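Student: So that you have it, the file is query-v6.txt, and it contains compact mmCIF, C-alpha atoms:
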```
# COMPACT_ATOMS: atom_id res chain seq x y z
CA MET A 1 115.69 85.42 2.14
CA LYS A 2 113.71 88.26 3.69
CA THR A 3 114.77 87.15 7.17
CA ALA A 4 118.44 87.11 6.20
CA ILE A 5 118.21 90.58 4.66
CA LEU A 6 116.49 91.98 7.74
CA ILE A 7 119.19 90.53 10.02
CA ILE A 8 121.96 92.03 7.92
CA LEU A 9 120.26 95.42 7.78
CA SER A 10 119.59 95.36 11.52
CA THR A 11 123.23 94.55 12.27
CA PHE A 12 124.39 97.36 10.01
CA TYR A 13 122.04 99.76 11.77
CA VAL A 14 123.47 98.92 15.22
CA CYS A 15 127.06 99.28 14.01
CA ALA A 16 126.29 102.59 12.37
CA LYS A 17 124.88 103.95 15.60
CA ALA A 18 127.85 102.93 17.79
CA GLN A 19 129.95 105.83 19.07
CA THR A 20 133.68 105.23 19.60
CA ILE A 21 135.72 107.73 21.60
CA GLN A 22 139.44 107.43 22.35
CA PHE A 23 141.14 109.54 25.01
CA ILE A 24 144.73 110.63 24.40
CA ASP A 25 147.20 112.35 26.73
CA LYS A 26 147.74 115.82 25.32
CA LEU A 27 151.42 115.90 26.30
CA ASN A 28 152.74 112.48 25.29
CA ASN A 29 150.06 111.29 22.81
CA LEU A 30 149.57 108.02 24.72
CA PRO A 31 146.11 106.51 25.33
CA VAL A 32 144.59 107.03 28.79
CA SER A 33 143.48 103.59 29.96
CA TYR A 34 141.01 102.79 32.75
CA ALA A 35 139.62 106.30 33.08
CA THR A 36 136.01 106.80 34.18
CA VAL A 37 133.54 108.05 31.57
CA SER A 38 130.01 108.95 32.70
CA TRP A 39 126.80 110.08 30.98
CA ASN A 40 123.06 110.22 31.76
CA GLY A 41 123.53 108.57 35.17
CA GLU A 42 125.64 105.73 33.72
CA SER A 43 129.39 105.18 33.67
CA THR A 44 132.11 102.85 32.42
CA PHE A 45 135.90 102.69 32.04
CA THR A 46 138.10 103.16 29.02
CA ASP A 47 139.96 100.03 27.95
CA GLU A 48 143.74 99.58 27.58
CA THR A 49 143.69 101.62 24.37
CA GLY A 50 141.88 104.51 26.08
CA THR A 51 138.69 103.73 24.15
CA ILE A 52 135.01 103.41 24.98
CA VAL A 53 132.18 102.33 22.70
CA LEU A 54 128.73 103.77 23.36
CA GLY A 55 126.02 101.63 21.86
CA SER A 56 123.42 104.34 21.49
CA GLY A 57 123.33 107.47 19.37
CA SER A 58 121.27 109.23 22.04
CA VAL A 59 124.36 110.10 24.13
CA LYS A 60 125.19 113.73 23.40
CA GLN A 61 127.62 114.57 26.20
CA ILE A 62 130.02 112.61 28.41
CA LYS A 63 132.37 113.37 31.32
CA PHE A 64 135.95 112.09 31.47
CA SER A 65 137.55 111.61 34.93
CA HIS A 66 140.95 110.30 36.00
CA ILE A 67 142.99 111.03 39.12
CA CYS A 68 145.94 112.25 37.00
CA TYR A 69 143.93 114.39 34.54
CA ASN A 70 141.62 117.37 34.60
CA ASP A 71 137.94 116.46 34.42
CA THR A 72 136.69 117.07 30.89
CA ILE A 73 133.18 117.45 29.45
CA ILE A 74 132.93 116.27 25.83
CA SER A 75 130.12 116.81 23.36
CA ILE A 76 129.70 113.86 21.01
CA ALA A 77 130.11 115.29 17.51
CA LYS A 78 130.46 112.15 15.40
CA SER A 79 130.48 108.36 15.59
CA SER A 80 134.27 108.18 16.00
CA GLN A 81 136.51 110.79 17.55
CA LYS A 82 139.71 111.33 19.53
CA VAL A 83 139.75 113.52 22.61
CA PHE A 84 142.98 114.97 23.99
CA VAL A 85 142.98 115.40 27.77
CA THR A 86 145.32 117.48 29.94
CA PRO A 87 147.29 116.02 32.87
CA LYS A 88 146.89 117.69 36.26
CA SER A 89 149.76 119.76 37.55
CA TYR A 90 150.47 119.63 41.27
CA THR A 91 153.32 119.23 43.73
CA LEU A 92 153.34 116.44 46.29
CA ASP A 93 155.12 117.49 49.47
CA ASN A 94 157.72 115.21 51.06
CA VAL A 95 157.61 112.61 48.30
CA GLU A 96 160.36 111.88 45.84
CA ILE A 97 161.31 109.13 43.45
CA CYS A 98 164.62 107.47 44.21
CA ALA A 99 166.95 105.12 42.35
CA LYS A 100 167.38 102.56 45.14
CA SER A 101 167.31 98.98 43.89
CA CYS A 102 165.63 96.35 46.05
CA LYS A 103 167.98 93.55 44.93
CA LYS A 104 170.51 94.20 47.71
CA LEU A 105 168.14 95.68 50.27
CA LYS A 106 166.42 94.04 53.18
CA LEU A 107 162.69 94.62 52.71
CA LYS A 108 160.23 94.96 55.56
CA ASN A 109 156.49 94.30 55.36
CA VAL A 110 154.19 96.95 56.84
CA GLY A 111 150.41 96.99 56.83
CA LEU A 112 148.10 93.98 57.05
CA ALA A 113 148.76 91.87 53.94
CA ASN A 114 150.39 89.10 56.00
CA SER A 115 147.80 89.01 58.79
CA LYS A 116 145.51 86.05 59.48
CA THR A 117 142.47 85.83 57.21
CA LYS A 118 139.06 85.91 58.90
CA PHE A 119 136.82 87.56 56.33
CA GLY A 120 136.56 88.46 52.65
CA PHE A 121 135.33 91.51 50.75
CA GLY A 122 133.75 91.02 47.33
CA GLY A 123 134.29 93.58 44.60
CA LYS A 124 131.97 95.40 42.20
CA ASN A 125 132.80 97.23 39.02
CA GLY A 126 133.79 100.78 39.93
CA MET A 127 134.14 100.08 43.65
CA MET A 128 137.21 101.23 45.61
CA MET A 129 138.60 100.32 49.02
CA ALA A 130 141.55 101.77 50.93
CA LEU A 131 143.69 101.03 53.96
CA TYR A 132 145.60 103.69 55.88
CA ILE A 133 149.20 102.69 56.64
CA ALA A 134 151.14 104.83 59.08
CA HIS A 135 154.87 105.45 58.75
CA ASP A 136 156.60 102.87 60.94
CA ASN A 137 159.32 105.23 62.18
CA VAL A 138 159.06 108.95 61.41
CA ASN A 139 162.61 109.50 62.66
CA GLU A 140 164.04 107.51 59.74
CA THR A 141 163.63 107.74 55.99
CA SER A 142 161.90 104.72 54.46
CA TYR A 143 161.36 103.79 50.81
CA ILE A 144 158.28 102.07 49.38
CA HIS A 145 159.15 99.37 46.82
CA SER A 146 155.92 97.47 46.26
CA ILE A 147 152.29 96.97 47.24
CA GLN A 148 151.07 93.69 48.70
CA ALA A 149 147.50 92.42 48.65
CA CYS A 150 145.82 89.15 49.61
CA LEU A 151 143.37 88.49 46.76
CA ASP A 152 140.45 86.08 46.63
CA TYR A 153 139.30 84.81 43.22
CA ILE A 154 135.95 83.10 42.62
CA ASN A 155 136.25 79.67 40.98
CA GLU A 156 132.57 78.79 40.88
CA LYS A 157 129.33 80.30 39.62
CA ILE A 158 127.17 82.38 41.95
CA LYS A 159 123.45 81.74 41.62
CA ASN A 160 121.49 84.62 40.08
CA ARG A 161 124.58 86.85 39.90
CA ASN A 162 126.55 87.93 36.84
CA VAL A 163 130.22 87.49 37.79
CA ILE A 164 132.75 89.12 35.47
CA ASP A 165 136.54 89.35 35.33
CA ALA A 166 137.98 92.64 36.55
CA GLU A 167 141.21 94.53 36.31
CA LEU A 168 142.55 95.54 39.72
CA ARG A 169 144.23 98.93 39.99
CA PHE A 170 146.32 99.63 43.09
CA ASP A 171 147.39 103.12 44.06
CA ILE A 172 149.21 104.96 46.83
CA ARG A 173 147.34 108.12 47.79
CA ASN A 174 147.98 111.12 49.99
CA CYS A 175 146.04 111.74 53.22
CA THR A 176 143.51 114.51 53.59
CA PHE A 177 141.28 115.60 56.47
CA GLN A 178 137.60 116.51 56.39
CA ASN A 179 135.72 117.45 59.57
CA GLY A 180 138.56 116.00 61.61
CA LYS A 181 138.48 112.65 59.78
CA ARG A 182 141.44 111.23 57.88
CA LEU A 183 140.44 110.22 54.33
CA PRO A 184 142.15 109.09 51.10
CA GLY A 185 143.16 112.12 49.04
CA ASN A 186 142.85 112.83 45.33
CA GLN A 187 146.56 112.80 44.55
CA SER A 188 148.47 109.71 43.48
CA TYR A 189 152.09 109.15 44.48
CA ILE A 190 152.60 106.62 41.66
CA ASN A 191 151.19 108.31 38.58
CA GLY A 192 147.62 107.05 38.83
CA GLY A 193 148.30 103.56 40.09
CA VAL A 194 149.46 100.12 38.95
CA VAL A 195 147.23 97.50 37.31
CA TYR A 196 147.81 93.96 38.60
CA LYS A 197 148.92 91.70 35.72
CA GLY A 198 149.70 88.49 37.61
CA LYS A 199 147.93 85.16 37.81
CA LYS A 200 144.25 85.24 38.74
CA LYS A 201 144.60 82.87 41.67
CA SER A 202 143.82 83.46 45.33
CA GLY A 203 146.71 84.32 47.59
CA LEU A 204 149.23 86.98 48.55
CA LYS A 205 150.32 89.10 45.57
CA THR A 206 153.20 91.55 45.27
CA ILE A 207 152.79 94.48 42.87
CA PRO A 208 156.15 96.21 42.34
CA LEU A 209 156.41 99.95 41.73
CA SER A 210 158.30 101.16 38.67
CA HIS A 211 160.58 103.12 41.05
CA PRO A 212 160.78 103.25 44.85
CA ILE A 213 159.34 106.35 46.49
CA VAL A 214 160.06 107.93 49.85
CA PHE A 215 157.47 106.93 52.47
CA PRO A 216 155.70 110.17 53.53
CA LYS A 217 155.94 110.86 57.26
CA GLU A 218 152.16 111.39 57.52
CA GLY A 219 151.50 107.89 56.17
CA VAL A 220 149.64 106.84 53.03
CA PHE A 221 146.44 105.23 51.82
CA VAL A 222 146.82 102.15 49.65
CA THR A 223 143.78 101.75 47.41
CA ILE A 224 142.34 98.95 45.33
CA GLU A 225 139.85 99.62 42.52
CA TRP A 226 137.79 97.13 40.50
CA ILE A 227 137.66 97.98 36.78
CA CYS A 228 135.62 96.26 34.04
CA PRO A 229 135.60 98.34 30.81
CA GLY A 230 132.28 98.24 28.99
CA LYS A 231 130.42 96.50 31.84
CA SER A 232 127.69 97.64 34.20
CA ARG A 233 128.91 99.72 37.12
CA ASN A 234 127.52 97.31 39.74
CA ASP A 235 128.35 93.90 38.27
CA VAL A 236 129.99 91.51 40.76
CA THR A 237 133.62 90.85 39.85
CA ASN A 238 135.75 87.71 39.93
CA ALA A 239 138.20 89.12 42.43
CA GLY A 240 137.79 89.95 46.07
CA ILE A 241 140.21 90.97 48.78
CA LYS A 242 140.61 89.09 52.01
CA GLY A 243 140.11 90.67 55.41
CA THR A 244 141.56 90.26 58.88
CA LEU A 245 140.41 90.77 62.46
CA GLN A 246 143.96 90.71 63.79
CA THR A 247 143.93 94.41 64.68
CA SER A 248 141.25 96.33 66.55
CA ASN A 249 142.21 99.65 64.93
CA VAL A 250 139.88 99.95 61.92
CA GLN A 251 141.59 101.85 59.09
CA THR A 252 139.66 100.49 56.08
CA TYR A 253 137.55 102.76 53.88
CA THR A 254 135.18 102.06 51.01
CA ASN A 255 133.97 104.15 48.08
CA GLU A 256 131.08 102.99 45.90
CA SER A 257 129.49 106.28 44.87
CA GLY A 258 132.28 108.84 44.80
CA LYS A 259 132.44 109.31 48.58
CA TRP A 260 134.94 107.71 50.98
CA GLU A 261 133.51 106.21 54.17
CA LEU A 262 135.09 104.35 57.06
CA ILE A 263 133.56 100.85 56.97
CA LYS A 264 132.24 101.39 60.51
CA ASP A 265 129.88 103.97 59.00
CA VAL A 266 128.49 101.76 56.20
CA ASP A 267 125.10 100.27 57.13
CA SER A 268 125.44 97.12 54.99
CA ILE A 269 128.80 96.30 56.61
CA LYS A 270 127.44 97.05 60.09
CA ARG A 271 124.78 94.34 59.61
CA ILE A 272 127.32 91.74 58.49
CA VAL A 273 129.65 92.58 61.37
CA GLN A 274 126.89 92.18 63.96
CA GLU A 275 125.54 88.96 62.45
CA TYR A 276 128.72 87.09 61.53
CA LEU A 277 131.74 88.74 63.21
CA ASN A 278 130.55 89.32 66.78
CA GLY A 279 130.71 93.08 66.36
CA LYS A 280 134.37 93.11 65.24
CA TYR A 281 135.19 95.16 62.15
CA PRO A 282 137.71 93.70 59.68
CA ASN A 283 140.43 95.48 57.74
CA ILE A 284 141.43 94.61 54.19
CA LYS A 285 144.68 92.66 53.81
CA ILE A 286 146.85 95.21 52.03
CA GLY A 287 150.41 96.25 52.82
CA LEU A 288 153.67 97.69 51.57
CA GLN A 289 157.22 96.45 51.21
CA ILE A 290 159.67 99.09 52.40
CA SER A 291 163.37 99.54 53.05
CA ARG A 292 165.51 101.99 55.01
```
Please express the file's structure as structure tokens.
Tutor:
Amino acid sequence: MKTAILIILSTFYVCAKAQTIQFIDKLNNLPVSYATVSWNGESTFTDETGTIVLGSGSVKQIKFSHICYNDTIISIAKSSQKVFVTPKSYTLDNVEICAKSCKKLKLKNVGLANSKTKFGFGGKNGMMMALYIAHDNVNETSYIHSIQACLDYINEKIKNRNVIDAELRFDIRNCTFQNGKRLPGNQSYINGGVVYKGKKKSGLKTIPLSHPIVFPKEGVFVTIEWICPGKSRNDVTNAGIKGTLQTSNVQTYTNESGKWELIKDVDSIKRIVQEYLNGKYPNIKIGLQISR
């Protein structure tokens, strides 16, 4: 009897200490899903309801981050609270939403989603990768209808590794330049991205946009982000993206710690390339479906 009472009291104690925070869009009162929340050197993502649960009462302050919202610092005042966050306000040059329907249009594939597979990139919770895709003809107006990606799902256990399911968020970003280098920007052309909701099987996937957008003349970055709400930032995820050696022009970038780097500049990738790929750098198999 004493053991049972102690277990019940211990469970109650843990529940009482849990801190639940939900993030709500200040303008439309909708939950903000898959936003980054960080504290004390740790971080996680909100779930589909915009909620996180912190298991310790020692967290006093957290930071909310999302590409479409202003960064917000929140002091934890009670075990359960709602936080209203403000969307960013900015103008994206040369981009507009159009009403073109793809049903009667001839779509063209651009990028590398349909290239031959020669390599695969594994994903980790919180990791991002991006591929730069140039405009195929700057003298004509093109419209982006969907994102394509060649995904690779794990169907077996990996020894000594915790493999978890992940949500995959795809986005189309602007280009920026730092020290003469082209990098993915911090502005989304599709309202923060699209979460893949299809079957978790390896192969070429098409992720349609809610509306076509005009293809910017300066090109775009297509990003993929691995998201596992409530899980460790570095857990290995059950979804990778395939790579190709079909092009010698390396336009793939990675971001594991808040900084974008061309994969040629990442030491861990350099070692793999030299040992297994004869010095050839792969690109991720991502692309776009466009029309004129």
Student: List the residues sitting within 10 Å of (147.2, 104.0, 38.5) in the file's frame, using all atoms listed in the file, as a ChimeraX atom specification.
Tutor: /A:33-35,66-68,168-172,188-195,223-225
Student: Can you measure CA of Lys217 in chain A to CA of Ile241 in chain A for me? One decimal in Å is fine.
Tutor: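 Rounded to one decimal, the two atoms are 26.7 Å apart.
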Student: Using all atoms listed in the file, find the one residue out of A:Asp136, A:Lys118, A:Thr254, A:His145 that sits nearest to Val273 in chain A.
Tutor: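 Nearest to Val273 in chain A: A:Lys118.
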Student: Could you work out how far CA of Asn278 in chain A lies from CA of Leu262 in chain A, giving the answer in Å with one decimal?
Tutor: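 Calculated distance between CA of Leu262 in chain A and CA of Asn278 in chain A is 18.5 Å.
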Student: Considering only C-alpha atoms, return as a list of chain:residue names whatever protein or nucleic-acid residues lie within 9 Å of Phe64 in chain A, sequence-local ones (same chain, fewer than 3 positions apart) excluded.
Tutor: A:Phe23, A:Ala35, A:Thr36, A:Val37, A:Ser38, A:Tyr69, A:Asn70, A:Asp71, A:Thr72, A:Ile73, A:Ile74, A:Val85
Student: To one decimal place in Å, what is the distance between CA of Asn114 in chain A and CA of His135 in chain A?
Tutor: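 Separation between CA of Asn114 in chain A and CA of His135 in chain A: 17.2 Å.
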Student: List as an MDAnalysis selection string the protein and nucleic acid residues near Thr117 in chain A, meaning an atom at most 12 Å away when all atoms listed in the file are counted, but skip any in the same chain fewer than 6 places from it.
Tutor: chainID A and resid 149:152 203:204 241:247 282:286
Student: Point out the residue among A:Asn125, A:Ile21, A:Gly50, A:Gly55 with the least atom-to-atom distance to Ser75 in chain A, counting only C-alpha atoms.
Tutor: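 Between A:Asn125, A:Ile21, A:Gly50, A:Gly55, the residue approaching Ser75 in chain A most closely is A:Ile21.
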Student: Considering only C-alpha atoms, return as number ranges by chain whatever protein or nucleic-acid residues lie within 12 Å of Pro31 in chain A, sequence-local ones (same chain, fewer than 4 positions apart) excluded.
Tutor: A: 21-27, 35, 46-52, 82-86
Student: For each of A:Pro216, A:Gly120, A:Pro87, A:Gly126, take the minimum atom-to-atom distance to Leu277 in chain A, counting all atoms listed in the file, then give the residue where this is smallest.
Tutor: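 Of the candidates, the smallest distance to Leu277 in chain A is held by A:Gly120.
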Student: Using only C-alpha atoms, which of A:Lys88, A:Lys106, A:Lys280, A:Arg182 sits nearest Gln251 in chain A?
Tutor: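 Of A:Lys88, A:Lys106, A:Lys280, A:Arg182, the one nearest Gln251 in chain A is A:Arg182, counting only C-alpha atoms.
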Student: Leaving out range 140-144 of chain A and any residue of its chain fewer than 4 positions from it, which residues lie within 8 Å of it when counting all atoms listed in the file, given as a list in words?
Tutor: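 Near neighbours after the sequence-gap exclusion: Pro212, Ile213, Val214, Phe215, Leu288, Gln289, Ile290, Ser291 and Arg292 of chain A.
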Student: Between A:Gly279, A:Gly185, A:Gly123, A:Gly180, which residue has the minimum interatomic distance to Val222 in chain A, considering all atoms listed in the file?
Tutor: A:Gly185
Student: Dig up all the protein and nucleic acid residues within 6 Å of (147.7, 104.8, 53.6) in the file frame, using only C-alpha atoms, and format them as a list in words.
Tutor: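 Residues found, by chain and rising number: Leu131, Tyr132, Ile133, Gly219, Val220, Phe221 and Val222 of chain A.
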Student: Just checking: using only C-alpha atoms, which residue out of A:Gly287, A:Asp267, A:Ala239, A:Ile76 ends up closest to Val163 in chain A?
Tutor: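 When distances to Val163 in chain A are compared using only C-alpha atoms, the smallest one comes from A:Ala239.
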Student: Can you pull out every residue within 9 Å of Trp260 in chain A, counting all atoms listed in the file, but drop anything in the same chain fewer than 2 positions away, and send it as a list in words?
Tutor: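 In the requested form, the answer reads Met128, Met129, Ala130, Leu183, Pro184, Tyr253, Thr254, Asn255, Glu256, Ser257, Gly258 and Leu262 of chain A.
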